[in-house]
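Listing of coords33.csv, CSV, N, CA and C atoms
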```csv
chain,number,residue,atom,x,y,z
W,1,MET,N,42.4,-30.8,-31.8
W,1,MET,CA,42.1,-31.0,-30.4
W,1,MET,C,42.6,-29.8,-29.6
W,2,THR,N,41.9,-29.3,-28.7
W,2,THR,CA,42.3,-28.1,-27.9
W,2,THR,C,42.7,-28.6,-26.5
W,3,MET,N,43.8,-28.2,-26.1
W,3,MET,CA,44.4,-28.6,-24.8
W,3,MET,C,43.7,-27.8,-23.7
W,4,PRO,N,43.5,-28.4,-22.5
W,4,PRO,CA,42.9,-27.6,-21.4
W,4,PRO,C,43.8,-26.3,-21.2
W,5,GLY,N,43.1,-25.2,-21.0
W,5,GLY,CA,43.8,-23.9,-20.8
W,5,GLY,C,44.2,-23.2,-22.0
W,6,SER,N,44.1,-23.8,-23.2
W,6,SER,CA,44.5,-23.2,-24.4
W,6,SER,C,43.3,-22.6,-25.1
W,7,GLN,N,43.5,-21.7,-26.0
W,7,GLN,CA,42.4,-21.0,-26.7
W,7,GLN,C,42.2,-21.8,-28.1
W,8,SER,N,41.0,-21.9,-28.5
W,8,SER,CA,40.7,-22.5,-29.8
W,8,SER,C,41.0,-21.5,-30.8
W,9,GLN,N,41.0,-21.9,-32.1
W,9,GLN,CA,41.3,-21.0,-33.2
W,9,GLN,C,40.1,-20.0,-33.3
W,10,SER,N,38.9,-20.4,-33.0
W,10,SER,CA,37.8,-19.5,-33.1
W,10,SER,C,37.8,-18.5,-32.0
W,11,THR,N,37.4,-17.2,-32.3
W,11,THR,CA,37.4,-16.2,-31.2
W,11,THR,C,36.0,-16.2,-30.5
W,12,HIS,N,35.1,-16.9,-31.1
W,12,HIS,CA,33.7,-17.0,-30.5
W,12,HIS,C,33.4,-18.4,-30.2
W,13,PRO,N,32.8,-18.7,-29.0
W,13,PRO,CA,32.3,-20.0,-28.7
W,13,PRO,C,31.3,-20.4,-29.7
W,14,ALA,N,31.1,-21.7,-29.9
W,14,ALA,CA,30.1,-22.2,-30.9
W,14,ALA,C,28.7,-21.7,-30.4
W,15,ARG,N,28.0,-21.2,-31.4
W,15,ARG,CA,26.6,-20.7,-31.1
W,15,ARG,C,25.7,-21.3,-32.1
W,16,SER,N,24.5,-21.5,-31.6
W,16,SER,CA,23.4,-22.1,-32.5
W,16,SER,C,22.9,-21.0,-33.4
W,17,PRO,N,22.5,-21.3,-34.6
W,17,PRO,CA,21.9,-20.3,-35.5
W,17,PRO,C,20.7,-19.6,-34.9
W,18,GLN,N,20.5,-18.4,-35.2
W,18,GLN,CA,19.4,-17.6,-34.7
W,18,GLN,C,18.3,-17.5,-35.8
W,19,ARG,N,17.1,-17.8,-35.5
W,19,ARG,CA,16.0,-17.6,-36.5
W,19,ARG,C,15.5,-16.2,-36.4
W,20,LEU,N,15.1,-15.7,-37.6
W,20,LEU,CA,14.7,-14.3,-37.7
W,20,LEU,C,13.5,-14.2,-38.6
W,21,SER,N,12.5,-13.5,-38.2
W,21,SER,CA,11.3,-13.3,-39.0
W,21,SER,C,11.2,-11.8,-39.3
W,22,VAL,N,11.1,-11.4,-40.5
W,22,VAL,CA,11.0,-10.0,-40.9
W,22,VAL,C,9.9,-9.8,-41.9
W,23,ASN,N,9.3,-8.7,-41.9
W,23,ASN,CA,8.3,-8.3,-42.9
W,23,ASN,C,9.0,-7.4,-43.9
W,24,LEU,N,9.0,-7.8,-45.2
W,24,LEU,CA,9.6,-7.0,-46.3
W,24,LEU,C,8.5,-6.5,-47.2
W,25,SER,N,8.8,-5.3,-47.7
W,25,SER,CA,7.9,-4.8,-48.7
W,25,SER,C,8.1,-5.6,-50.0
W,26,PRO,N,7.2,-5.7,-50.9
W,26,PRO,CA,7.3,-6.4,-52.1
W,26,PRO,C,8.6,-6.1,-52.9
W,27,ASP,N,8.9,-4.8,-52.9
W,27,ASP,CA,10.2,-4.3,-53.6
W,27,ASP,C,11.4,-4.9,-53.0
W,28,VAL,N,11.5,-4.9,-51.7
W,28,VAL,CA,12.7,-5.4,-51.0
W,28,VAL,C,12.7,-6.9,-51.1
W,29,ALA,N,11.6,-7.6,-51.0
W,29,ALA,CA,11.6,-9.0,-51.2
W,29,ALA,C,12.1,-9.4,-52.6
W,30,GLU,N,11.6,-8.7,-53.6
W,30,GLU,CA,12.0,-8.9,-55.0
W,30,GLU,C,13.5,-8.7,-55.1
W,31,ALA,N,14.1,-7.6,-54.5
W,31,ALA,CA,15.5,-7.3,-54.6
W,31,ALA,C,16.3,-8.4,-53.9
W,32,LEU,N,15.8,-8.9,-52.8
W,32,LEU,CA,16.5,-10.0,-52.1
W,32,LEU,C,16.5,-11.3,-53.0
W,33,GLN,N,15.4,-11.6,-53.6
W,33,GLN,CA,15.4,-12.7,-54.5
W,33,GLN,C,16.3,-12.5,-55.7
W,34,TRP,N,16.4,-11.3,-56.2
W,34,TRP,CA,17.3,-11.0,-57.3
W,34,TRP,C,18.7,-11.3,-56.9
W,35,ILE,N,19.1,-10.8,-55.7
W,35,ILE,CA,20.5,-11.0,-55.2
W,35,ILE,C,20.8,-12.5,-55.1
W,36,ALA,N,19.8,-13.3,-54.6
W,36,ALA,CA,20.0,-14.7,-54.4
W,36,ALA,C,20.2,-15.4,-55.8
W,37,GLU,N,19.4,-15.0,-56.7
W,37,GLU,CA,19.5,-15.6,-58.1
W,37,GLU,C,20.8,-15.2,-58.8
W,38,LYS,N,21.2,-14.0,-58.6
W,38,LYS,CA,22.4,-13.5,-59.2
W,38,LYS,C,23.6,-14.3,-58.8
W,39,HIS,N,23.6,-14.7,-57.5
W,39,HIS,CA,24.7,-15.4,-56.9
W,39,HIS,C,24.5,-16.9,-56.9
W,40,GLY,N,23.4,-17.4,-57.4
W,40,GLY,CA,23.1,-18.8,-57.4
W,40,GLY,C,23.0,-19.4,-56.0
W,41,SER,N,22.4,-18.6,-55.1
W,41,SER,CA,22.3,-19.0,-53.7
W,41,SER,C,20.8,-18.9,-53.2
W,42,THR,N,20.7,-19.2,-52.0
W,42,THR,CA,19.3,-19.1,-51.4
W,42,THR,C,19.1,-17.7,-50.9
W,43,VAL,N,17.8,-17.4,-50.5
W,43,VAL,CA,17.5,-16.1,-49.9
W,43,VAL,C,18.2,-15.9,-48.6
W,44,THR,N,18.3,-17.0,-47.8
W,44,THR,CA,19.0,-17.0,-46.6
W,44,THR,C,20.5,-16.6,-46.8
W,45,ASP,N,21.1,-17.2,-47.8
W,45,ASP,CA,22.5,-16.8,-48.0
W,45,ASP,C,22.6,-15.3,-48.5
W,46,ALA,N,21.6,-14.9,-49.3
W,46,ALA,CA,21.6,-13.5,-49.7
W,46,ALA,C,21.5,-12.5,-48.5
W,47,VAL,N,20.6,-12.9,-47.5
W,47,VAL,CA,20.5,-12.1,-46.3
W,47,VAL,C,21.9,-12.0,-45.6
W,48,ARG,N,22.5,-13.2,-45.5
W,48,ARG,CA,23.9,-13.2,-44.9
W,48,ARG,C,24.9,-12.3,-45.6
W,49,ARG,N,24.8,-12.4,-47.0
W,49,ARG,CA,25.7,-11.6,-47.8
W,49,ARG,C,25.4,-10.1,-47.6
W,50,CYS,N,24.2,-9.7,-47.5
W,50,CYS,CA,23.8,-8.3,-47.3
W,50,CYS,C,24.3,-7.8,-46.0
W,51,ILE,N,24.1,-8.6,-45.0
W,51,ILE,CA,24.4,-8.2,-43.6
W,51,ILE,C,26.0,-8.1,-43.5
W,52,SER,N,26.7,-9.0,-44.1
W,52,SER,CA,28.2,-9.0,-44.0
W,52,SER,C,28.7,-7.7,-44.8
W,53,THR,N,28.1,-7.4,-45.9
W,53,THR,CA,28.5,-6.3,-46.7
W,53,THR,C,28.2,-5.0,-45.9
W,54,GLN,N,27.0,-4.9,-45.3
W,54,GLN,CA,26.7,-3.7,-44.5
W,54,GLN,C,27.6,-3.5,-43.3
W,55,LYS,N,27.9,-4.6,-42.7
W,55,LYS,CA,28.9,-4.6,-41.5
W,55,LYS,C,30.2,-4.0,-42.0
W,56,TYR,N,30.7,-4.5,-43.1
W,56,TYR,CA,32.0,-4.1,-43.6
W,56,TYR,C,32.0,-2.6,-43.9
W,57,VAL,N,30.9,-2.1,-44.6
W,57,VAL,CA,30.7,-0.7,-44.9
W,57,VAL,C,30.7,0.1,-43.7
W,58,GLU,N,29.9,-0.3,-42.7
W,58,GLU,CA,29.8,0.5,-41.4
W,58,GLU,C,31.1,0.6,-40.7
W,59,GLU,N,31.9,-0.5,-40.7
W,59,GLU,CA,33.2,-0.5,-40.0
W,59,GLU,C,34.1,0.4,-40.8
W,60,ALA,N,34.1,0.4,-42.1
W,60,ALA,CA,34.9,1.3,-42.9
W,60,ALA,C,34.5,2.8,-42.6
W,61,LEU,N,33.3,3.1,-42.6
W,61,LEU,CA,32.8,4.4,-42.4
W,61,LEU,C,33.2,4.9,-41.0
W,62,ASP,N,33.2,4.0,-40.0
W,62,ASP,CA,33.6,4.3,-38.6
W,62,ASP,C,35.0,4.8,-38.6
W,63,LYS,N,35.8,4.2,-39.5
W,63,LYS,CA,37.2,4.6,-39.6
W,63,LYS,C,37.5,5.8,-40.5
W,64,LYS,N,36.4,6.5,-40.9
W,64,LYS,CA,36.4,7.7,-41.8
W,64,LYS,C,36.8,7.3,-43.2
W,65,ALA,N,36.6,6.1,-43.6
W,65,ALA,CA,36.9,5.7,-45.0
W,65,ALA,C,35.9,6.3,-45.9
W,66,LYS,N,36.2,6.4,-47.2
W,66,LYS,CA,35.3,6.8,-48.2
W,66,LYS,C,35.0,5.6,-49.1
W,67,ILE,N,33.7,5.5,-49.5
W,67,ILE,CA,33.3,4.4,-50.3
W,67,ILE,C,33.2,5.0,-51.7
W,68,LEU,N,34.0,4.5,-52.7
W,68,LEU,CA,34.0,5.0,-54.0
W,68,LEU,C,33.4,4.0,-55.0
W,69,ILE,N,32.7,4.6,-56.0
W,69,ILE,CA,32.2,3.8,-57.1
W,69,ILE,C,32.9,4.2,-58.4
W,70,ALA,N,33.6,3.2,-59.0
W,70,ALA,CA,34.3,3.4,-60.3
W,70,ALA,C,33.7,2.6,-61.4
W,71,GLU,N,32.9,3.2,-62.3
W,71,GLU,CA,32.3,2.5,-63.4
W,71,GLU,C,33.1,2.9,-64.7
W,72,GLU,N,33.2,1.9,-65.5
W,72,GLU,CA,34.0,2.1,-66.7
W,72,GLU,C,33.4,3.3,-67.5
W,73,GLY,N,34.3,4.2,-67.9
W,73,GLY,CA,33.9,5.3,-68.7
W,73,GLY,C,33.2,6.4,-68.0
W,74,GLN,N,33.2,6.3,-66.6
W,74,GLN,CA,32.5,7.3,-65.8
W,74,GLN,C,33.5,7.9,-64.8
W,75,PRO,N,33.3,9.1,-64.3
W,75,PRO,CA,34.2,9.6,-63.2
W,75,PRO,C,33.9,8.8,-61.9
W,76,VAL,N,34.9,8.7,-61.1
W,76,VAL,CA,34.8,8.1,-59.8
W,76,VAL,C,33.9,8.9,-59.0
W,77,ARG,N,32.9,8.2,-58.3
W,77,ARG,CA,32.0,9.0,-57.4
W,77,ARG,C,32.1,8.4,-56.0
W,78,GLU,N,31.8,9.3,-55.0
W,78,GLU,CA,31.8,8.8,-53.6
W,78,GLU,C,30.3,8.5,-53.3
W,79,LEU,N,30.2,7.3,-52.6
W,79,LEU,CA,28.9,6.9,-52.2
W,79,LEU,C,28.7,7.4,-50.8
W,80,VAL,N,27.7,8.3,-50.6
W,80,VAL,CA,27.5,8.9,-49.3
W,80,VAL,C,26.2,8.3,-48.6
W,81,PHE,N,26.4,7.9,-47.4
W,81,PHE,CA,25.3,7.3,-46.6
W,81,PHE,C,24.8,8.4,-45.7
W,82,VAL,N,23.5,8.5,-45.6
W,82,VAL,CA,22.8,9.5,-44.7
W,82,VAL,C,22.0,8.8,-43.7
```
Show how you would write the structure in this file as structure tokens.
Amino acid sequence: MTMPGSQSQSTHPARSPQRLSVNLSPDVAEALQWIAEKHGSTVTDAVRRCISTQKYVEEALDKKAKILIAEEGQPVRELVFV
């Protein structure tokens, strides 16, 4: 229960979900389906995952962070976004 004048634990007021309609190329639609299947989730959840990941990457890049890929047996590489 939230007392009058106090802040709730959430930093955002409750919002209703937003519907989104997008046109995807067959390759992108297939990739999105692959992501959903890989994680045992829905395409909607895969879209959420992709957006959350991209937001995290953008925020890191804004802080001048480097995104590195380390694959077993390979040299570490920097992922560069253009």
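Between CA of Ala65 (chain W) and CA of Val82 (chain W) there is a distance of 14.6 Å.
Taking atom N of Pro17 (chain W) and atom C of Ala29 (chain W) as the two end points, the separation is 24.0 Å.
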Secondary structure check, alpha helix (DSSP H) residues of chain W, as a ChimeraX atom specification: /W:26-38,43-62
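The coordinates place CA of Arg49 (chain W) at 10.3 Å from CA of Leu32 (chain W).
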Protein/DNA/RNA residues near (34.7, 7.7, -54.3), cut 7 Å, only N, CA and C atoms, as a PDB file with N, CA and C atoms, in the frame of the given file:
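Produced file part.pdb, reproduced below:
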```pdb
ATOM      1  N   LYS W  66      36.200   6.400 -47.200  1.00  0.00           N
ATOM      2  CA  LYS W  66      35.300   6.800 -48.200  1.00  0.00           C
ATOM      3  C   LYS W  66      35.000   5.600 -49.100  1.00  0.00           C
ATOM      4  N   ILE W  67      33.700   5.500 -49.500  1.00  0.00           N
ATOM      5  CA  ILE W  67      33.300   4.400 -50.300  1.00  0.00           C
ATOM      6  C   ILE W  67      33.200   5.000 -51.700  1.00  0.00           C
ATOM      7  N   LEU W  68      34.000   4.500 -52.700  1.00  0.00           N
ATOM      8  CA  LEU W  68      34.000   5.000 -54.000  1.00  0.00           C
ATOM      9  C   LEU W  68      33.400   4.000 -55.000  1.00  0.00           C
ATOM     10  N   ILE W  69      32.700   4.600 -56.000  1.00  0.00           N
ATOM     11  CA  ILE W  69      32.200   3.800 -57.100  1.00  0.00           C
ATOM     12  C   ILE W  69      32.900   4.200 -58.400  1.00  0.00           C
ATOM     13  N   ALA W  70      33.600   3.200 -59.000  1.00  0.00           N
ATOM     14  CA  ALA W  70      34.300   3.400 -60.300  1.00  0.00           C
ATOM     15  C   ALA W  70      33.700   2.600 -61.400  1.00  0.00           C
ATOM     16  N   VAL W  76      34.900   8.700 -61.100  1.00  0.00           N
ATOM     17  CA  VAL W  76      34.800   8.100 -59.800  1.00  0.00           C
ATOM     18  C   VAL W  76      33.900   8.900 -59.000  1.00  0.00           C
ATOM     19  N   ARG W  77      32.900   8.200 -58.300  1.00  0.00           N
ATOM     20  CA  ARG W  77      32.000   9.000 -57.400  1.00  0.00           C
ATOM     21  C   ARG W  77      32.100   8.400 -56.000  1.00  0.00           C
ATOM     22  N   GLU W  78      31.800   9.300 -55.000  1.00  0.00           N
ATOM     23  CA  GLU W  78      31.800   8.800 -53.600  1.00  0.00           C
ATOM     24  C   GLU W  78      30.300   8.500 -53.300  1.00  0.00           C
ATOM     25  N   LEU W  79      30.200   7.300 -52.600  1.00  0.00           N
ATOM     26  CA  LEU W  79      28.900   6.900 -52.200  1.00  0.00           C
ATOM     27  C   LEU W  79      28.700   7.400 -50.800  1.00  0.00           C
TER      28      LEU W  79
END
```
